[in-house]
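Quick notes on the structure that follows.
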Amino acid sequence: MHFTKVLRQLSTRPTRQLTSGTLPAASGIISLYSRRSFSSTTISRGSLEPQSVSPLAPIGVEAALRAKTDPNFVPKSKIFDEFKLTDRVGIVSGGARGLGLEMAMTLCEAGARAIYCLDIHKRPTEEWEAVRDFVAKLEHGPRLEYVNIDVTEQKAVWDAVEKIGNREKRMDVCVAAAGVLKPEQDVLGYPAEEFAEVMGINVDGVLFTAQAAGRQMRRFGNKGSIVLIASMSGSITNHGHAWVAYNTSKSAVLQMARSMACELGAEGIRVNSLSPGHIYTKMTAQYLDTKPHLLDKWSSLNPLGRIGRTDEVRGVVAWLASDASTFCTGSDILVSGGHHAW
Ligand SMILES: NC(=O)c1ccc[n+]([C@@H]2O[C@H](COP(=O)([O-])OP(=O)(O)OC[C@H]3O[C@@H](n4cnc5c(N)ncnc54)[C@H](O)[C@@H]3O)[C@@H](O)[C@H]2O)c1
């Protein structure tokens, strides 16, 4: 629909509320702006006041326009403020080590008040303790907390995260990273029990973790960002590897994120998936340490000619968790340097 026609309709039609799910294209344009936006005092580009406003407003070009008309308005860079998680609370499953721990630490560094790592390891790992001690010494002294839990136990996960909500009185961020990759097995003989085990952790466990956080986000009404850790293996298949259960589970996580995003968007709860490529962790070490030729193979499949480091997910998780990504939901972010295999 032509934009001027939309504007004409806006002056005669009541504002449409955003509902969860997909909006038809034309009404999508209409719902971006409200009728009360026809204000003669608006000095910004165009005459429409946006339906949603950044918590840091005015930012960007809007801030420049304010500075132009208001001599008391002091120009200040806000881009890094958008990434700040000041006083926020979150959970990270699989946070005892590997990518989960790296992302939990990132959230603490970005300003969170407390990040709870949920993991099946009975006791925190040595590296987890080192990270806890490190972040506690940062200026804002965030807490890294540990919760021993099996993410496949739905009620236990819900209850544990409710207790966190009772204690912290808010819930803002969830990273569902707990996952397993089993030894290779011929697809035609893949045992039912093992398939169910992988799906139980990588799919059910991710759902239960996201549910647990989402229930607290709804309870406190503070919106929130949920990041489901999928994998490039959810979109492509690792040629030469017999990983049918893992690949299938990661595809399910991609669709879970889109589905949850549509259901929860109206409450301001965003859900995205993050799909790493090969990164050296305990999970991939079981292959790389026993079959060294795989390092060359996996590296050669990557446009950058190498596999990733755990710290290379820091920027993207900080962005997804923060107000720097407030219009991003139902998306999959591939952090793999490009497409591997098929
Ligand atoms: N490393 C990679 O190359 C890579 C690539 C793509 C996706 N991923 C995904 O990233 C996530 C993290 O993987 P990683 O490489 O850090 O592996 P990792 O094995 O180092 O970490 C996985 C963590 O999940 C925990 N966990 C497993 N089962 C659990 C359960 N039932 N309940 C609670 N915790 C449980 C483990 O104890 C471990 O701490 C996984 O979902 C994995 O599939 C990893």
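Residues are named by chain letter and number: chains run A, B, ... in the order of the structure tokens, numbers start at 1 in each chain, and ligands are numbered from 1 in the order shown.
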
Would you name the residues within 8 Å of ligand 1, counting only C-alpha atoms and all ligand atoms, and put them as a PyMOL selection string? chain A and resi 93-101+118-121+148-152+176-181+200-202+205+229-233+246+250+275-284+308+310

Determine, counting only C-alpha atoms, which protein, DNA and RNA residues have an atom within 7 Å of an atom of segment 159-173 of chain A; residues of the same chain fewer than 5 positions away are not included. Present the result as number ranges by chain. A: 88-91, 212-213, 216-217, 220, 222-226, 321

Could you write out the selected residues, including N, CA and C atoms, as a PDB file, in the first residue's frame?
ATOM      1  N   ARG A  88      20.014  -6.209  35.759  1.00  0.00           N
ATOM      2  CA  ARG A  88      19.165  -7.294  35.246  1.00  0.00           C
ATOM      3  C   ARG A  88      19.582  -8.653  35.820  1.00  0.00           C
ATOM      4  N   VAL A  89      18.648  -9.585  35.723  1.00  0.00           N
ATOM      5  CA  VAL A  89      18.840 -10.917  36.294  1.00  0.00           C
ATOM      6  C   VAL A  89      18.600 -11.949  35.196  1.00  0.00           C
ATOM      7  N   GLY A  90      19.406 -13.000  35.190  1.00  0.00           N
ATOM      8  CA  GLY A  90      19.216 -13.994  34.141  1.00  0.00           C
ATOM      9  C   GLY A  90      19.607 -15.392  34.565  1.00  0.00           C
ATOM     10  N   ILE A  91      19.242 -16.354  33.721  1.00  0.00           N
ATOM     11  CA  ILE A  91      19.669 -17.739  33.933  1.00  0.00           C
ATOM     12  C   ILE A  91      20.367 -18.229  32.667  1.00  0.00           C
ATOM     13  N   ALA A 212      10.598 -21.823  32.069  1.00  0.00           N
ATOM     14  CA  ALA A 212      10.839 -21.409  33.458  1.00  0.00           C
ATOM     15  C   ALA A 212      11.149 -19.916  33.520  1.00  0.00           C
ATOM     16  N   ALA A 213      11.990 -19.446  32.606  1.00  0.00           N
ATOM     17  CA  ALA A 213      12.347 -18.021  32.596  1.00  0.00           C
ATOM     18  C   ALA A 213      11.153 -17.182  32.133  1.00  0.00           C
ATOM     19  N   GLN A 216       8.592 -16.399  34.727  1.00  0.00           N
ATOM     20  CA  GLN A 216       8.988 -15.326  35.653  1.00  0.00           C
ATOM     21  C   GLN A 216       8.922 -13.966  34.956  1.00  0.00           C
ATOM     22  N   MET A 217       9.281 -13.929  33.676  1.00  0.00           N
ATOM     23  CA  MET A 217       9.197 -12.659  32.931  1.00  0.00           C
ATOM     24  C   MET A 217       7.739 -12.189  32.894  1.00  0.00           C
ATOM     25  N   PHE A 220       6.627 -10.956  36.464  1.00  0.00           N
ATOM     26  CA  PHE A 220       7.101  -9.623  36.866  1.00  0.00           C
ATOM     27  C   PHE A 220       6.798  -8.559  35.808  1.00  0.00           C
ATOM     28  N   ASN A 222       8.353  -7.663  33.248  1.00  0.00           N
ATOM     29  CA  ASN A 222       9.487  -6.811  32.859  1.00  0.00           C
ATOM     30  C   ASN A 222      10.035  -7.170  31.472  1.00  0.00           C
ATOM     31  N   LYS A 223       9.181  -7.781  30.636  1.00  0.00           N
ATOM     32  CA  LYS A 223       9.593  -8.206  29.288  1.00  0.00           C
ATOM     33  C   LYS A 223      10.762  -9.179  29.406  1.00  0.00           C
ATOM     34  N   GLY A 224      11.666  -9.205  28.461  1.00  0.00           N
ATOM     35  CA  GLY A 224      12.805 -10.109  28.591  1.00  0.00           C
ATOM     36  C   GLY A 224      13.295 -10.640  27.263  1.00  0.00           C
ATOM     37  N   SER A 225      14.458 -11.263  27.330  1.00  0.00           N
ATOM     38  CA  SER A 225      15.071 -11.832  26.126  1.00  0.00           C
ATOM     39  C   SER A 225      15.491 -13.276  26.394  1.00  0.00           C
ATOM     40  N   ILE A 226      14.989 -14.179  25.563  1.00  0.00           N
ATOM     41  CA  ILE A 226      15.317 -15.603  25.696  1.00  0.00           C
ATOM     42  C   ILE A 226      16.140 -16.009  24.475  1.00  0.00           C
ATOM     43  N   ALA A 321      20.769 -10.179  24.346  1.00  0.00           N
ATOM     44  CA  ALA A 321      20.197 -10.057  25.695  1.00  0.00           C
ATOM     45  C   ALA A 321      19.768  -8.630  26.007  1.00  0.00           C
TER      46      ALA A 321
END

Can you pull out the residues contacting Gln211 of chain A? Cut-off 9 Å, using only C-alpha atoms, and skip same-chain residues under 3 positions away; I want them as a PyMOL selection string. chain A and resi 154+157-158+206-208+214-216

Counting only C-alpha atoms, what is within 10 Å of Leu85 of chain A, bar same-chain residues fewer than 5 positions away, as number ranges by chain? A: 90, 107-113, 172-173, 318, 321-323

Spatial neighbours of Leu254 of chain A, max dist 9 Å, only C-alpha atoms, sep filter under 2 positions, as JSON, numbers by chain: {"A": [228, 229, 230, 231, 234, 235, 250, 251, 252, 256, 257, 258, 259, 272, 273, 274, 275, 330, 331, 332]}

With C-alpha atoms kept, could you save the residues just selected as a short mmCIF file (atom, residue, chain, number, x, y, z; two decimals), in the first residue's frame?
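File produced: part15.cif:
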data_model
loop_
_atom_site.label_atom_id
_atom_site.label_comp_id
_atom_site.auth_asym_id
_atom_site.auth_seq_id
_atom_site.Cartn_x
_atom_site.Cartn_y
_atom_site.Cartn_z
CA LEU A 228 17.95 -20.70 22.65
CA ILE A 229 21.29 -22.22 21.71
CA ALA A 230 20.78 -24.20 18.53
CA SER A 231 23.64 -24.95 16.12
CA GLY A 234 20.07 -27.34 12.76
CA SER A 235 20.25 -25.79 9.29
CA LYS A 250 18.94 -28.52 16.77
CA SER A 251 16.44 -28.10 13.93
CA ALA A 252 13.69 -28.40 16.53
CA MET A 256 10.88 -23.62 18.93
CA ALA A 257 12.39 -20.11 18.97
CA ARG A 258 10.16 -18.89 16.13
CA SER A 259 7.08 -20.43 17.70
CA ASN A 272 15.77 -15.89 19.29
CA SER A 273 18.08 -18.78 18.52
CA LEU A 274 21.85 -18.63 18.29
CA SER A 275 23.58 -21.12 16.03
CA GLY A 330 12.07 -15.11 16.07
CA SER A 331 15.45 -14.88 14.36
CA ASP A 332 18.30 -17.32 14.12
#

Identify, with DSSP run on backbone atoms, the residues in segment 113-324 of chain A assigned to strand (DSSP E), and express the list as JSON, numbers by chain. {"A": [114, 115, 116, 117, 118, 119, 143, 144, 145, 146, 147, 148, 173, 174, 175, 176, 224, 225, 226, 227, 228, 229, 269, 270, 271, 272, 273, 274, 275, 276]}

Keeping N, CA and C atoms, export the residues of the selection given above as a short mmCIF file (atom, residue, chain, number, x, y, z; two decimals), in the first residue's frame.
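In the end it all went to part.cif:
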data_model
loop_
_atom_site.label_atom_id
_atom_site.label_comp_id
_atom_site.auth_asym_id
_atom_site.auth_seq_id
_atom_site.Cartn_x
_atom_site.Cartn_y
_atom_site.Cartn_z
N ALA A 114 22.75 -10.38 38.73
CA ALA A 114 23.00 -11.78 39.08
C ALA A 114 22.67 -12.68 37.89
N ILE A 115 23.55 -13.63 37.63
CA ILE A 115 23.31 -14.64 36.60
C ILE A 115 23.42 -16.01 37.26
N TYR A 116 22.37 -16.81 37.07
CA TYR A 116 22.31 -18.14 37.67
C TYR A 116 22.64 -19.19 36.62
N CYS A 117 23.67 -19.99 36.90
CA CYS A 117 24.06 -21.06 35.98
C CYS A 117 23.39 -22.36 36.42
N LEU A 118 22.60 -22.94 35.53
CA LEU A 118 21.91 -24.20 35.84
C LEU A 118 22.66 -25.31 35.12
N ASP A 119 23.10 -26.31 35.86
CA ASP A 119 23.86 -27.36 35.19
C ASP A 119 23.74 -28.69 35.95
N ARG A 143 26.82 -11.05 40.78
CA ARG A 143 26.89 -12.39 41.37
C ARG A 143 26.71 -13.44 40.29
N LEU A 144 27.62 -14.42 40.26
CA LEU A 144 27.43 -15.60 39.42
C LEU A 144 27.02 -16.71 40.39
N GLU A 145 25.81 -17.24 40.20
CA GLU A 145 25.29 -18.24 41.14
C GLU A 145 25.20 -19.59 40.44
N TYR A 146 25.20 -20.66 41.25
CA TYR A 146 25.19 -22.00 40.67
C TYR A 146 23.99 -22.80 41.16
N VAL A 147 23.30 -23.45 40.24
CA VAL A 147 22.17 -24.30 40.61
C VAL A 147 22.35 -25.66 39.94
N ASN A 148 22.46 -26.69 40.77
CA ASN A 148 22.62 -28.04 40.22
C ASN A 148 21.24 -28.59 39.86
N VAL A 173 16.72 -12.22 31.44
CA VAL A 173 17.47 -12.89 30.37
C VAL A 173 17.51 -14.40 30.61
N CYS A 174 17.38 -15.15 29.53
CA CYS A 174 17.55 -16.61 29.63
C CYS A 174 18.38 -17.08 28.45
N VAL A 175 19.43 -17.83 28.75
CA VAL A 175 20.19 -18.48 27.69
C VAL A 175 20.09 -19.99 27.93
N ALA A 176 19.47 -20.70 27.02
CA ALA A 176 19.30 -22.15 27.17
C ALA A 176 20.40 -22.85 26.38
N GLY A 224 11.67 -9.20 28.46
CA GLY A 224 12.81 -10.11 28.59
C GLY A 224 13.30 -10.64 27.26
N SER A 225 14.46 -11.26 27.33
CA SER A 225 15.07 -11.83 26.13
C SER A 225 15.49 -13.28 26.39
N ILE A 226 14.99 -14.18 25.56
CA ILE A 226 15.32 -15.60 25.70
C ILE A 226 16.14 -16.01 24.47
N VAL A 227 17.28 -16.63 24.73
CA VAL A 227 18.16 -17.04 23.64
C VAL A 227 18.31 -18.57 23.71
N LEU A 228 17.85 -19.24 22.69
CA LEU A 228 17.95 -20.70 22.65
C LEU A 228 19.20 -21.07 21.85
N ILE A 229 20.08 -21.85 22.44
CA ILE A 229 21.29 -22.22 21.71
C ILE A 229 20.99 -23.43 20.81
N ILE A 269 8.29 -10.25 25.35
CA ILE A 269 9.32 -11.26 25.59
C ILE A 269 9.84 -11.71 24.22
N ARG A 270 11.12 -11.48 23.98
CA ARG A 270 11.71 -11.84 22.70
C ARG A 270 12.37 -13.21 22.80
N VAL A 271 12.28 -13.98 21.72
CA VAL A 271 12.91 -15.30 21.71
C VAL A 271 13.65 -15.46 20.39
N ASN A 272 14.95 -15.67 20.48
CA ASN A 272 15.77 -15.89 19.29
C ASN A 272 16.61 -17.15 19.48
N SER A 273 17.13 -17.67 18.39
CA SER A 273 18.08 -18.78 18.52
C SER A 273 19.45 -18.30 18.06
N LEU A 274 20.46 -18.95 18.62
CA LEU A 274 21.85 -18.63 18.29
C LEU A 274 22.48 -19.93 17.82
N SER A 275 23.05 -19.90 16.63
CA SER A 275 23.58 -21.12 16.03
C SER A 275 25.08 -21.04 15.80
N PRO A 276 25.86 -21.54 16.75
CA PRO A 276 27.32 -21.51 16.54
C PRO A 276 27.76 -22.56 15.52
#
